[in-house]
Every structure is written in C-alpha cells, then in structure tokens.
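Engineer: Following this message is one structure expressed as structure tokens.
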Amino acid sequence: MADYHRKLAAYKAVRDKFDAEAEAYWTAIADKRRARNAKRRNNDAIAAHDYVLTQPPLYTGPPRPVDPSEPEKPPKPRRAIPVAEDFLKHAAEQFHFVPRRPRTEIEFKQAYARVAQTAGLTRDQAVRVYSFEAGGNGKYDVQAGLESARPNARAISTALGYNQLLTTNTVELLAEQGHGILKALESAAARMQGSQRTAMDHKIAIVRKMVAFCKSVPDQWSAHEKLGVTPQGIGVHALNLDIDVGPWLQTHKLLTSVDFAKRKGYTARLTAAELEMMNLTGDGTGFDMVSMPQALRMVVPTSNFFQRTGYERNPVAILNNTVAKLLAATDARMDRESTMPGARDMAAAFSNHN
C-alpha cells in the first residue's frame, strides 16, 4: 500500500497539471466555436483568429496505479445492439411490414444509383462515400462491425447500408423527408398495375404510419434518438433493407448535407471527402471545416471541431491534426477502397443511369 500511495501521488501531480492545461484549452475551443457561430449568424467573415491554432495537450504521464486493496471489478456486460434479425422482427410486429429485398446486390445498387442521380448526387460523391463508409465492398444490408464473416464478429452500432444510417438517422429522415419519400412511392405506384400496384399501395400505407410515428416528437436529434431505441424505432430501420424505400433513405443521408451547404451559401460542389466530413461530424460542424479556404485548412487543428472526450478517443483526428491532413487522409482511404469490387459495381451502376 505504501508503494501504491507513492505512485498515486506521483500520478496526481502530473495528472492535475495536465488537467488544468487541458481544461483551459478546451474552454478556449468552446468559446471560439460559440463566437464563430455568432459570426455566421451575422454573415461576418471567419478568419484564422476565430480558431484555436495550437494543438491540444495530450497526456503522456504515468497511468493511474491500481489500488491493491480494491476487489477486482467484473467486466461490464456488453450492451445488446439490434441487428437485421431484430429490425425485421420489430418491423413485422409493430407495423406488419416485410421489406421487399433485392434479388441481387447489383439490383439494389442500380436502384440506389437511379435515386441518387435523380436527387443530384454525383457518381464521385456516392461511390467514394460508399467506399469510405462500407469499405468498398459492403452490401446493401452491411452493418457496422459485421462487414466480414470473421468468427465472433458483433455489431458495434446500428449503422446500416451503403451510407451507414443509425436508427436515429432513419427516424430523423422519415420525420423530415417522409413526405417526399411518400410522393416518390406514389409516383412509382401510378405506373404499376395489378398485384404490383396493390403491394405498393399497401407499402405506402405502412410507410405513412411510420412517418407519423417519427413525427410524433419534436424535430430534434435527442428526441429521435429516444424513438430509435424503441421497438417501433428499431422496426422502422428495416426500411433500409427495402429496395423501394432504402435507396431514398441512403440518398437523403448525404443529400441533407449537400442541401445544408447550399442553404449556407456554399456554391462549390462538395468533394466526396468534404461531404464525408459533414456526414461524420454533423452538418454544422462539417460545414465549419469545408467552408474554410485551403490556407486555413493547413493550419487549423482538427481539435476545433471536437469535444474533449471525443477527440481524446479519436486516434485518426489526433494523427491527422489539421483540417487539411484529415481531409487528405479521408481522400486516401477513399482512393484505396474505391478499387474494391463493390465500389466498381457501384460506379458501373451510376454509369448505366447517365
């Protein structure tokens, strides 16, 4: 115990000094972010001094010693994460919905390409974001953590499909874009006859109920997140597996970022890496990055766009510690994954719909 207390005192001396430096740094990050947001609301120009231009302190001292008098704590049980089987089960139980699955992977890619191009996404944007999100070979039902059939693989989130929508994303998109999706389904139904038309009309009625469910709370991420863990919210997520609705959801996941940038007055076409930044970090934070000129990207640390806990758990952001480096690393990964068979099939699907 004497040795433990000696090590604990040494640890606390180093750690307390680090925490004081880190608290001051991350307070400055938050203050600068609030000031930038106020400037944007007033249409004022953003300059280098509106960012913290030094890198954050990183703890390199000794680890906290283990108290030998404390009993060993059992490992925390892993939180169960719903998978495709659960999405389908709850969709059937809560909404009497069974998605129409594609006969082949190529069929879904072609449906996605048709919707994405009609909505205004470019082939480069769609293929490269797919390559980044789904590893360049992910199928329409790929889920985070289950990309490969390795032993003991487990889902690490509910992120699903080409653009990796969480249950919260699906709930939010249905709440915000549900009317447009229903119009697209109704337009498709008008061109159908017989049993095909009957099936589509039935699907439209179900999707309308799902939209009403998703709109039953305020249009806020936190409210949608709460819906996303309910049996109904988990069931709604099965829409991503449906060849008629899934492509619309996957497309809107990216299109909302494109539209956000346009509303903010950003007239240049977003590169795939820029679009991915908005996709990963959220539209507001991502736009903060992509709207800055190249000269600023070279010097502004990535820490400006994170909370402290998120940054310290993100080795990619720490390694690629400026905006320019982070975008370059994203592009490099897209370059690698775009050579995979799934990415080539996706590019071909877009070419066939030119």
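Ordering of the structure tokens sets the chain letters (A, B, ...); residue numbers start at 1 within each chain; ligands are numbered from 1 in the order shown.
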I'd like the neighbourhood of A:Val236 as a PyMOL selection string, where a residue qualifies if any of its atoms comes within 8 Å (using only C-alpha atoms), though same-chain residues fewer than 6 positions away should be ignored.

Structural biologist: chain A and resi 87+91+167+170-171+210

Engineer: If you run DSSP over the backbone, which residues in stretch 28-201 of chain A end up helix (DSSP H, G or I)? Put them as a VMD selection string.

Structural biologist: chain A and resid 28 to 41 48 to 50 84 to 95 105 to 119 123 to 134 167 to 189 194 to 201

Engineer: Set the distance at 8 Å and use only C-alpha atoms: which residues neighbour stretch 285-296 of chain A once local chain neighbours fewer than 3 positions away are removed? I'd like the list as an mmCIF file with C-alpha atoms, in the first residue's frame.

Structural biologist:
data_model
loop_
_atom_site.group_PDB
_atom_site.id
_atom_site.type_symbol
_atom_site.label_atom_id
_atom_site.label_comp_id
_atom_site.auth_asym_id
_atom_site.auth_seq_id
_atom_site.Cartn_x
_atom_site.Cartn_y
_atom_site.Cartn_z
ATOM 1 C CA ALA A 48 -7.684 32.408 -38.545
ATOM 2 C CA ALA A 261 -24.184 23.679 -47.520
ATOM 3 C CA TYR A 266 -21.663 27.436 -50.271
ATOM 4 C CA GLU A 274 -15.877 17.172 -47.738
ATOM 5 C CA MET A 277 -16.797 15.266 -43.103
ATOM 6 C CA MET A 278 -20.358 16.599 -42.901
ATOM 7 C CA ASN A 279 -21.703 13.049 -42.850
ATOM 8 C CA LEU A 280 -19.402 12.040 -39.985
ATOM 9 C CA THR A 281 -19.380 15.116 -37.776
ATOM 10 C CA GLY A 282 -22.823 16.589 -38.438
ATOM 11 C CA VAL A 299 -3.123 25.489 -40.057
ATOM 12 C CA VAL A 300 -6.406 24.947 -38.180
ATOM 13 C CA PHE A 305 -14.346 20.544 -34.233
ATOM 14 C CA VAL A 323 -8.214 20.031 -41.350
ATOM 15 C CA ALA A 324 -6.073 19.604 -44.473
#

Engineer: Please provide the set of residues having any atom within 12 Å of stretch 189-199 of chain A, restricted to only C-alpha atoms, with same-chain residues fewer than 6 positions apart removed, written as a PyMOL selection string.

Structural biologist: chain A and resi 97-100+182-183+205-206+244

Engineer: With distances taken over only C-alpha atoms, which of A:Asp201, A:Asp335, A:Glu276, A:Asp86 is nearest to A:Leu255?

Structural biologist: A:Glu276
